[in-house]
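final_30.tsv follows; it contains TSV, C-alpha atoms and all ligand atoms.
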```tsv
chain	number	residue	atom	x	y	z
A	1	MET	CA	0.61	-10.47	-74.39
A	2	THR	CA	-0.09	-7.32	-72.34
A	3	THR	CA	-2.80	-4.91	-73.43
A	4	THR	CA	-1.86	-2.08	-71.06
A	5	PRO	CA	-2.01	1.18	-73.03
A	6	PHE	CA	1.29	2.81	-73.89
A	7	LYS	CA	1.90	6.21	-72.33
A	8	ARG	CA	2.84	7.94	-75.57
A	9	LEU	CA	2.83	6.35	-79.02
A	10	LEU	CA	4.18	8.21	-82.04
A	11	LEU	CA	2.55	7.71	-85.44
A	12	THR	CA	4.39	9.27	-88.39
A	13	GLY	CA	2.56	9.67	-91.70
A	14	ALA	CA	-0.60	10.31	-89.68
A	15	ALA	CA	-2.22	12.46	-92.39
A	16	GLY	CA	-1.80	9.71	-95.02
A	17	GLY	CA	-4.16	6.99	-96.18
A	18	LEU	CA	-3.14	4.42	-93.55
A	19	GLY	CA	-2.33	7.11	-90.98
A	20	LYS	CA	-5.95	8.31	-90.97
A	21	VAL	CA	-7.18	4.75	-90.46
A	22	LEU	CA	-4.68	4.05	-87.69
A	23	ARG	CA	-5.43	7.33	-85.96
A	24	GLU	CA	-9.00	6.16	-85.50
A	25	ARG	CA	-8.23	2.56	-84.68
A	26	LEU	CA	-5.37	3.13	-82.24
A	27	LYS	CA	-7.55	5.14	-79.88
A	28	GLY	CA	-7.24	3.38	-76.55
A	29	SER	CA	-3.84	1.85	-77.35
A	30	ALA	CA	-2.06	4.78	-75.73
A	31	GLU	CA	-2.79	7.42	-73.11
A	32	VAL	CA	-1.56	9.90	-75.73
A	33	LEU	CA	-1.20	9.32	-79.46
A	34	ARG	CA	1.33	11.74	-80.95
A	35	LEU	CA	0.42	12.28	-84.59
A	36	SER	CA	2.88	13.68	-87.05
A	37	ASP	CA	3.11	14.49	-90.74
A	38	ILE	CA	4.56	17.12	-93.04
A	39	ALA	CA	1.04	17.67	-94.43
A	40	PRO	CA	-1.73	19.43	-92.53
A	41	MET	CA	-3.70	17.17	-90.21
A	42	ALA	CA	-7.47	17.20	-90.13
A	43	PRO	CA	-9.23	17.11	-87.79
A	44	ALA	CA	-7.02	18.95	-85.28
A	45	ALA	CA	-5.86	17.18	-82.13
A	46	GLY	CA	-8.69	15.60	-80.13
A	47	PRO	CA	-8.66	14.20	-76.60
A	48	HIS	CA	-5.61	12.01	-75.92
A	49	GLU	CA	-3.93	13.27	-79.10
A	50	GLU	CA	-1.04	15.58	-79.90
A	51	VAL	CA	-0.37	16.87	-83.40
A	52	ILE	CA	3.15	17.88	-84.42
A	53	THR	CA	4.02	18.97	-87.95
A	54	CYS	CA	7.44	17.61	-88.84
A	55	ASP	CA	9.53	17.04	-91.94
A	56	LEU	CA	11.24	13.66	-91.54
A	57	ALA	CA	14.21	15.04	-93.46
A	58	ASP	CA	14.84	17.56	-90.65
A	59	LYS	CA	17.03	15.82	-88.08
A	60	ALA	CA	16.53	18.32	-85.24
A	61	ALA	CA	12.76	18.33	-85.75
A	62	VAL	CA	12.60	14.51	-85.67
A	63	HIS	CA	14.68	14.44	-82.47
A	64	ALA	CA	12.23	16.82	-80.81
A	65	LEU	CA	9.32	14.76	-82.15
A	66	VAL	CA	10.52	11.56	-80.51
A	67	GLU	CA	11.13	12.98	-77.04
A	68	GLY	CA	8.92	11.33	-74.40
A	69	ILE	CA	7.76	8.50	-76.68
A	70	ASP	CA	7.46	4.79	-75.66
A	71	ALA	CA	7.18	3.27	-79.14
A	72	ILE	CA	7.12	4.48	-82.73
A	73	LEU	CA	4.89	3.50	-85.64
A	74	HIS	CA	6.90	4.78	-88.59
A	75	PHE	CA	4.48	5.18	-91.49
A	76	GLY	CA	5.61	8.55	-92.86
A	77	GLY	CA	7.46	9.15	-96.12
A	78	VAL	CA	7.07	8.91	-99.86
A	79	SER	CA	4.87	5.85	-100.46
A	80	THR	CA	5.25	5.18	-104.20
A	81	GLU	CA	8.04	5.10	-106.76
A	82	HIS	CA	9.81	8.42	-107.34
A	83	SER	CA	13.26	9.66	-108.28
A	84	PHE	CA	16.12	9.01	-105.86
A	85	GLU	CA	16.28	12.72	-105.10
A	86	ASP	CA	12.61	12.76	-104.05
A	87	ILE	CA	13.02	9.65	-101.89
A	88	LEU	CA	16.29	10.58	-100.21
A	89	GLY	CA	15.07	13.13	-97.65
A	90	PRO	CA	11.73	11.69	-96.50
A	91	ASN	CA	12.60	7.97	-96.64
A	92	ILE	CA	16.34	7.46	-96.36
A	93	CYS	CA	17.37	10.40	-94.16
A	94	GLY	CA	13.94	10.19	-92.49
A	95	VAL	CA	14.25	6.61	-91.28
A	96	PHE	CA	17.82	7.27	-90.11
A	97	HIS	CA	16.59	10.27	-88.12
A	98	ILE	CA	13.87	8.14	-86.55
A	99	TYR	CA	16.37	5.50	-85.33
A	100	GLU	CA	18.91	8.04	-84.12
A	101	ALA	CA	16.17	9.85	-82.20
A	102	ALA	CA	14.95	6.51	-80.80
A	103	ARG	CA	18.48	5.79	-79.57
A	104	LYS	CA	18.93	9.22	-77.99
A	105	HIS	CA	15.52	9.17	-76.29
A	106	GLY	CA	15.62	5.53	-75.14
A	107	VAL	CA	12.75	4.27	-77.33
A	108	LYS	CA	12.89	0.48	-77.37
A	109	ARG	CA	10.33	-0.52	-80.03
A	110	VAL	CA	9.68	0.57	-83.61
A	111	VAL	CA	7.10	-0.74	-86.05
A	112	PHE	CA	8.38	0.06	-89.52
A	113	ALA	CA	5.99	0.27	-92.47
A	114	SER	CA	8.17	-1.56	-94.97
A	115	SER	CA	6.80	-2.71	-98.28
A	116	ASN	CA	6.45	-5.63	-100.68
A	117	HIS	CA	8.56	-3.49	-103.02
A	118	VAL	CA	11.72	-4.69	-101.22
A	119	ILE	CA	11.07	-7.99	-103.01
A	120	GLY	CA	9.14	-6.61	-105.97
A	121	PHE	CA	11.36	-8.04	-108.70
A	122	TYR	CA	10.45	-11.64	-107.84
A	123	ARG	CA	7.98	-13.15	-110.22
A	124	GLN	CA	4.50	-14.01	-109.08
A	125	ASP	CA	5.13	-17.76	-109.41
A	126	GLU	CA	7.94	-17.60	-106.80
A	127	ARG	CA	7.33	-18.20	-103.09
A	128	LEU	CA	9.29	-16.24	-100.51
A	129	ASP	CA	9.92	-16.08	-96.80
A	130	ALA	CA	11.65	-13.45	-94.71
A	131	HIS	CA	15.07	-14.96	-95.47
A	132	SER	CA	14.70	-14.71	-99.24
A	133	PRO	CA	17.24	-12.23	-100.61
A	134	ARG	CA	15.67	-8.88	-101.28
A	135	ARG	CA	15.06	-7.77	-104.86
A	136	PRO	CA	13.92	-4.14	-104.63
A	137	ASP	CA	11.95	-2.92	-107.61
A	138	GLY	CA	12.98	0.76	-107.52
A	139	TYR	CA	14.27	3.63	-105.41
A	140	TYR	CA	11.22	3.41	-103.14
A	141	GLY	CA	11.82	-0.31	-102.54
A	142	LEU	CA	15.51	0.42	-101.99
A	143	SER	CA	14.62	2.99	-99.33
A	144	LYS	CA	12.48	0.41	-97.50
A	145	SER	CA	15.30	-2.10	-97.82
A	146	TYR	CA	17.64	0.46	-96.22
A	147	GLY	CA	15.08	0.96	-93.44
A	148	GLU	CA	15.08	-2.78	-92.76
A	149	ASP	CA	18.89	-2.77	-92.62
A	150	LEU	CA	18.84	0.13	-90.18
A	151	ALA	CA	16.34	-1.78	-88.04
A	152	SER	CA	18.66	-4.78	-87.99
A	153	PHE	CA	21.70	-2.63	-87.14
A	154	TYR	CA	19.96	-0.68	-84.37
A	155	PHE	CA	18.89	-3.94	-82.77
A	156	ASP	CA	22.34	-5.53	-82.97
A	157	ARG	CA	24.15	-2.39	-81.82
A	158	TYR	CA	21.68	-0.72	-79.45
A	159	GLY	CA	18.98	-3.29	-78.62
A	160	ILE	CA	16.18	-1.27	-80.21
A	161	GLU	CA	13.62	-3.81	-81.41
A	162	THR	CA	11.69	-3.50	-84.67
A	163	VAL	CA	9.02	-5.32	-86.55
A	164	SER	CA	9.32	-4.47	-90.24
A	165	ILE	CA	5.95	-5.12	-91.83
A	166	ARG	CA	6.32	-5.70	-95.56
A	167	ILE	CA	2.87	-4.40	-96.33
A	168	GLY	CA	1.30	-5.80	-99.48
A	169	SER	CA	-1.60	-3.57	-100.58
A	170	SER	CA	-3.57	-2.09	-97.71
A	171	PHE	CA	-6.64	-0.38	-99.10
A	172	PRO	CA	-10.37	-0.77	-98.50
A	173	GLN	CA	-10.44	-3.43	-101.21
A	174	PRO	CA	-8.16	-4.99	-103.86
A	175	GLN	CA	-8.17	-3.00	-107.09
A	176	ASN	CA	-6.72	-5.50	-109.60
A	177	PRO	CA	-5.77	-9.20	-109.98
A	178	ARG	CA	-2.36	-8.66	-108.35
A	179	MET	CA	-3.97	-7.20	-105.26
A	180	LEU	CA	-6.09	-10.34	-104.82
A	181	CYS	CA	-2.74	-11.82	-103.66
A	182	THR	CA	-1.22	-8.76	-101.90
A	183	TRP	CA	-4.31	-7.33	-100.18
A	184	LEU	CA	-4.11	-6.58	-96.44
A	185	SER	CA	-7.35	-5.54	-94.78
A	186	TYR	CA	-7.29	-2.70	-92.28
A	187	ASP	CA	-8.40	-5.08	-89.51
A	188	ASP	CA	-5.54	-7.46	-90.27
A	189	LEU	CA	-3.10	-4.53	-90.46
A	190	LEU	CA	-4.26	-3.42	-87.03
A	191	GLN	CA	-3.81	-6.92	-85.63
A	192	LEU	CA	-0.28	-6.99	-87.05
A	193	ILE	CA	0.52	-3.61	-85.53
A	194	GLU	CA	-0.82	-4.56	-82.09
A	195	ARG	CA	1.22	-7.78	-82.13
A	196	SER	CA	4.28	-5.94	-83.41
A	197	LEU	CA	4.04	-3.47	-80.56
A	198	ARG	CA	3.37	-5.94	-77.78
A	199	THR	CA	5.06	-9.29	-78.55
A	200	PRO	CA	8.16	-9.60	-76.33
A	201	ASP	CA	11.64	-10.20	-77.73
A	202	VAL	CA	11.03	-9.55	-81.42
A	203	GLY	CA	14.64	-8.48	-82.11
A	204	HIS	CA	14.31	-7.47	-85.73
A	205	THR	CA	11.41	-9.42	-87.17
A	206	VAL	CA	10.35	-9.18	-90.80
A	207	VAL	CA	6.73	-10.08	-91.44
A	208	TYR	CA	4.77	-9.99	-94.68
A	209	GLY	CA	1.57	-8.02	-94.37
A	210	ALA	CA	-1.11	-9.86	-96.32
A	211	SER	CA	-4.56	-11.09	-95.38
A	212	ASP	CA	-5.63	-14.74	-95.58
A	213	ASN	CA	-5.98	-14.54	-99.36
A	214	ARG	CA	-6.54	-17.62	-101.56
A	215	THR	CA	-3.12	-17.11	-103.15
A	216	VAL	CA	-0.34	-15.60	-101.06
A	217	TRP	CA	3.25	-15.47	-102.31
A	218	TRP	CA	4.75	-15.02	-98.85
A	219	ASP	CA	5.41	-17.47	-96.01
A	220	ASN	CA	5.54	-15.99	-92.51
A	221	ARG	CA	7.28	-18.98	-90.87
A	222	HIS	CA	10.04	-16.71	-89.49
A	223	ALA	CA	7.52	-14.43	-87.80
A	224	GLU	CA	5.43	-17.12	-86.09
A	225	HIS	CA	6.30	-15.68	-82.66
A	226	LEU	CA	4.10	-12.69	-83.49
A	227	GLY	CA	1.07	-15.01	-83.57
A	228	TYR	CA	-0.40	-13.07	-86.50
A	229	GLN	CA	-3.53	-14.81	-87.76
A	230	PRO	CA	-5.20	-12.88	-90.57
A	231	LYS	CA	-8.99	-12.98	-90.45
A	232	ASP	CA	-9.93	-11.47	-93.81
A	233	SER	CA	-9.56	-12.64	-97.39
A	234	SER	CA	-9.60	-10.87	-100.74
A	235	GLU	CA	-11.83	-13.68	-102.05
A	236	VAL	CA	-15.00	-11.69	-101.29
A	237	PHE	CA	-13.82	-9.11	-103.85
A	238	ARG	CA	-12.77	-11.58	-106.55
A	239	ALA	CA	-15.96	-11.40	-108.60
A	240	ASP	CA	-15.80	-7.60	-108.63
A	241	VAL	CA	-12.11	-7.54	-109.64
A	242	GLU	CA	-12.61	-10.21	-112.30
A	243	SER	CA	-15.63	-8.46	-113.78
A	244	ARG	CA	-13.23	-5.82	-115.11
A	245	PRO	CA	-10.90	-6.43	-118.09
A	246	ALA	CA	-7.63	-8.00	-116.85
A	247	PRO	CA	-4.28	-6.54	-117.97
A	248	PRO	CA	-2.44	-8.60	-120.64
A	249	ALA	CA	-0.57	-11.65	-119.30
A	250	ASP	CA	2.83	-10.01	-119.96
A	251	ASP	CA	1.91	-6.77	-118.19
A	252	PRO	CA	4.30	-6.20	-115.23
A	253	SER	CA	1.30	-6.17	-112.88
A	254	MET	CA	0.63	-9.80	-113.91
A	255	VAL	CA	4.26	-10.95	-113.87
A	256	TYR	CA	6.10	-9.36	-110.94
A	257	GLN	CA	5.23	-9.30	-107.26
A	258	GLY	CA	5.88	-5.55	-107.23
A	259	GLY	CA	3.57	-5.01	-110.21
A	260	ALA	CA	3.85	-1.77	-112.15
A	261	PHE	CA	6.61	-0.42	-109.87
A	262	VAL	CA	9.17	-2.59	-111.72
A	263	ALA	CA	8.63	-0.54	-114.88
A	264	ALA	CA	8.67	2.97	-113.37
A	265	GLY	CA	11.44	5.39	-114.31
A	266	PRO	CA	14.05	6.29	-115.28
A	267	PHE	CA	13.53	9.78	-113.92
A	268	ASP	CA	16.05	11.90	-115.86
B	1	LIG	P1	0.48	7.90	-97.91
B	1	LIG	O1	1.32	8.46	-99.01
B	1	LIG	O2	-0.98	8.11	-97.98
B	1	LIG	O3	1.02	8.46	-96.51
B	1	LIG	C1	2.35	8.80	-96.26
B	1	LIG	C2	2.37	10.07	-95.45
B	1	LIG	O4	3.76	10.44	-95.24
B	1	LIG	C3	1.68	11.26	-96.14
B	1	LIG	O5	0.67	11.79	-95.32
B	1	LIG	C4	2.80	12.25	-96.38
B	1	LIG	O6	2.40	13.61	-96.21
B	1	LIG	C5	3.82	11.86	-95.32
B	1	LIG	N1	5.16	12.32	-95.70
B	1	LIG	C6	5.72	12.32	-96.94
B	1	LIG	N2	6.91	12.94	-96.90
B	1	LIG	C7	7.11	13.33	-95.61
B	1	LIG	C8	8.15	14.03	-94.96
B	1	LIG	N3	9.24	14.47	-95.60
B	1	LIG	N4	8.02	14.27	-93.64
B	1	LIG	C9	6.92	13.84	-92.97
B	1	LIG	N5	5.89	13.19	-93.53
B	1	LIG	C10	5.99	12.93	-94.85
B	1	LIG	O7	0.83	6.34	-97.84
B	1	LIG	P2	0.04	5.19	-97.08
B	1	LIG	O8	-0.62	4.34	-98.08
B	1	LIG	O9	-0.73	5.74	-95.95
B	1	LIG	O10	1.27	4.34	-96.50
B	1	LIG	C11	1.77	4.58	-95.20
B	1	LIG	C12	3.12	3.88	-95.07
B	1	LIG	O11	2.96	2.49	-95.33
B	1	LIG	C13	4.16	4.38	-96.05
B	1	LIG	O12	5.43	4.37	-95.41
B	1	LIG	C14	4.14	3.36	-97.15
B	1	LIG	O13	5.41	3.29	-97.80
B	1	LIG	C15	3.82	2.10	-96.39
B	1	LIG	N6	3.15	1.12	-97.22
B	1	LIG	C16	1.84	1.28	-97.58
B	1	LIG	C17	1.20	0.35	-98.35
B	1	LIG	C18	-0.25	0.42	-98.68
B	1	LIG	O14	-0.75	-0.51	-99.31
B	1	LIG	N7	-0.97	1.46	-98.29
B	1	LIG	C19	1.94	-0.82	-98.88
B	1	LIG	C20	3.32	-0.88	-98.45
B	1	LIG	C21	3.88	0.05	-97.64
B	2	LIG	C1	3.25	0.22	-101.57
B	2	LIG	O1	4.33	0.11	-101.01
B	2	LIG	C2	2.58	1.53	-101.69
B	2	LIG	O2	2.82	2.35	-100.58
B	2	LIG	C3	1.09	1.41	-101.94
B	2	LIG	O3	0.61	2.68	-102.38
B	2	LIG	C4	0.79	0.34	-102.98
B	2	LIG	O4	1.36	0.71	-104.21
B	2	LIG	C5	1.36	-0.97	-102.51
B	2	LIG	O5	2.74	-0.86	-102.20
B	2	LIG	C6	1.21	-2.07	-103.54
B	2	LIG	O6	2.22	-2.67	-103.92
B	2	LIG	O7	0.07	-2.35	-103.93
```
Would you write the structure of this file as structure tokens?
Amino acid sequence: MTTTPFKRLLLTGAAGGLGKVLRERLKGSAEVLRLSDIAPMAPAAGPHEEVITCDLADKAAVHALVEGIDAILHFGGVSTEHSFEDILGPNICGVFHIYEAARKHGVKRVVFASSNHVIGFYRQDERLDAHSPRRPDGYYGLSKSYGEDLASFYFDRYGIETVSIRIGSSFPQPQNPRMLCTWLSYDDLLQLIERSLRTPDVGHTVVYGASDNRTVWWDNRHAEHLGYQPKDSSEVFRADVESRPAPPADDPSMVYQGGAFVAAGPFD
């Protein structure tokens, strides 16, 4: 696997929780990191960085954003459950704009921040792989599911390759019993991203983004070619999580893989 820096990498959602982490950790992965978000970015552009404010719902702006880019890390958009109307522009139109711009500008690789919420309505005692039928747990999960379908279509039709990472819960540490199973450390996320960018011939690969936790609901057998080997485990946080009162056994966060998202809404 080559480690030659990319010329220009685009990171959308760069002002967000994961965006801030990736901004720091991707230094050195590209001669120039182009950082974009609809929200203000702090700090301003440093050496080897470009900052471009862009609303993903704005097709012309996204096309300009993607010009001159080698590969895209698409992390921007609404990241929790909201009404369809709130999700439509940033996530559904947004991911379409990203792929259309990739096609027009000859970008050949996308890493798509998908989510466990594309399969959130499975119960926690079920085991899944990348071929398990999706069971989105809301409009947010549906938008990620649409993004994965776009990724598949743009590979079949135009040869643009994507790794869709179904991220579990990527935070400094797991916050509840469910996250002991879904937690993805920042180091493991970075490893997944590096492998997603650099592994040849990924076509459209779906990979579950979880660390080497004691219990994991997801089997990455169909993404073995990425060579992802998580190094961290939520186990070191178990005592802390279990020292707090657990939700009742029938609480959605204890029953469904998507946790509380399954019970959000309706929004009218
Ligand atoms: P976040 O909400 O902190 O960051 C998302 C960023 O997207 C924000 O900075 C926001 O301003 C930006 N954004 C929203 N609407 C936009 C628009 N119309 N145009 C341009 N930018 C817009 O979320 P986080 O946690 O950093 O997640 C990053 C990505 O990873 C998201 O796509 C999320 O769905 C996905 N993900 C994250 C997980 C996690 O555990 N952190 C789990 C699963 C998926
Ligand atoms: C997600 O998709 C969200 O972006 C993140 O904020 C968490 O809610 C995560 O899933 C999760 O399921 O824990």
>> Using only C-alpha atoms and all ligand atoms, which residues of the polymer chains come no farther than 9 Å from ligand LIG 1 (chain B)? I'd like the answer as number ranges by chain.
In response: A: 12-21, 36-41, 53-58, 74-80, 87, 89-91, 94, 112-117, 140-141, 144, 165-171, 182-184, 209
Give me the box for segment 91-96 of chain A as AutoDock Vina command-line options, namely the centre and edge lengths in Å to one decimal of a box along x, y and z that holds every listed atom plus 3 Å on each side.
```
--center_x 15.2 --center_y 8.5 --center_z -93.4 --size_x 11.2 --size_y 9.8 --size_z 12.5
```
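Between ligand LIG 2 (chain B) and the residues A:Arg103, A:Arg127, A:His222, A:His82, the shortest atom-to-atom distance, using all atoms listed in the file, involves A:His82.
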> From the list A:Gly46, A:Gly203, A:Pro136, A:Gly258, which residue is nearest ligand LIG 2 (chain B) when using all atoms listed in the file?
Replying inline: A:Gly258
>> Between A:Tyr208, A:Phe6, A:Phe261, A:Phe84, which residue has the minimum interatomic distance to ligand LIG 2 (chain B), considering all atoms listed in the file?
In response: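 Of A:Tyr208, A:Phe6, A:Phe261, A:Phe84, the one nearest ligand LIG 2 (chain B), counting all atoms listed in the file, is A:Phe261.
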>> Could you tell me how far atom CA of Glu161 of chain A sits from atom CA of Glu224 of chain A, in Å to one decimal place?
In response: 16.3 Å
Quick one: segment 192-213 of chain A with N, CA and C atoms, as a short mmCIF file (atom, residue, chain, number, x, y, z; two decimals), in the coordinates of the input?
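And here's selection.cif as it stands now:
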```cif
data_model
loop_
_atom_site.label_atom_id
_atom_site.label_comp_id
_atom_site.auth_asym_id
_atom_site.auth_seq_id
_atom_site.Cartn_x
_atom_site.Cartn_y
_atom_site.Cartn_z
N LEU A 192 -1.74 -6.89 -86.90
CA LEU A 192 -0.28 -6.99 -87.05
C LEU A 192 0.43 -5.92 -86.23
N ILE A 193 -0.12 -4.72 -86.26
CA ILE A 193 0.52 -3.61 -85.53
C ILE A 193 0.46 -3.87 -84.02
N GLU A 194 -0.69 -4.29 -83.54
CA GLU A 194 -0.82 -4.56 -82.09
C GLU A 194 0.18 -5.64 -81.68
N ARG A 195 0.29 -6.69 -82.47
CA ARG A 195 1.22 -7.78 -82.13
C ARG A 195 2.67 -7.32 -82.26
N SER A 196 2.93 -6.46 -83.22
CA SER A 196 4.28 -5.94 -83.41
C SER A 196 4.70 -5.05 -82.24
N LEU A 197 3.74 -4.35 -81.69
CA LEU A 197 4.04 -3.47 -80.56
C LEU A 197 4.24 -4.25 -79.28
N ARG A 198 3.50 -5.34 -79.12
CA ARG A 198 3.37 -5.94 -77.78
C ARG A 198 4.05 -7.30 -77.61
N THR A 199 4.39 -7.98 -78.70
CA THR A 199 5.06 -9.29 -78.55
C THR A 199 6.46 -9.07 -77.96
N PRO A 200 6.81 -9.79 -76.89
CA PRO A 200 8.16 -9.60 -76.33
C PRO A 200 9.24 -10.17 -77.25
N ASP A 201 10.43 -9.62 -77.12
CA ASP A 201 11.64 -10.20 -77.73
C ASP A 201 11.50 -10.42 -79.23
N VAL A 202 11.16 -9.39 -79.96
CA VAL A 202 11.03 -9.55 -81.42
C VAL A 202 12.36 -9.33 -82.14
N GLY A 203 13.37 -8.78 -81.43
CA GLY A 203 14.64 -8.48 -82.11
C GLY A 203 14.35 -7.62 -83.32
N HIS A 204 14.83 -8.07 -84.49
CA HIS A 204 14.31 -7.47 -85.73
C HIS A 204 13.56 -8.56 -86.48
N THR A 205 12.27 -8.44 -86.48
CA THR A 205 11.41 -9.42 -87.17
C THR A 205 10.89 -8.81 -88.46
N VAL A 206 10.97 -9.58 -89.53
CA VAL A 206 10.35 -9.18 -90.80
C VAL A 206 9.10 -10.02 -90.99
N VAL A 207 7.98 -9.36 -91.21
CA VAL A 207 6.73 -10.08 -91.44
C VAL A 207 6.07 -9.53 -92.70
N TYR A 208 5.51 -10.43 -93.50
CA TYR A 208 4.77 -9.99 -94.68
C TYR A 208 3.35 -9.63 -94.26
N GLY A 209 2.90 -8.49 -94.73
CA GLY A 209 1.57 -8.02 -94.37
C GLY A 209 0.57 -8.32 -95.47
N ALA A 210 -0.04 -9.50 -95.38
CA ALA A 210 -1.11 -9.86 -96.32
C ALA A 210 -2.22 -10.51 -95.52
N SER A 211 -3.43 -10.41 -96.02
CA SER A 211 -4.56 -11.09 -95.38
C SER A 211 -4.54 -12.58 -95.77
N ASP A 212 -5.56 -13.29 -95.33
CA ASP A 212 -5.63 -14.74 -95.58
C ASP A 212 -6.20 -14.98 -96.98
N ASN A 213 -5.49 -14.48 -97.98
CA ASN A 213 -5.98 -14.54 -99.36
C ASN A 213 -5.80 -15.95 -99.94
#
```
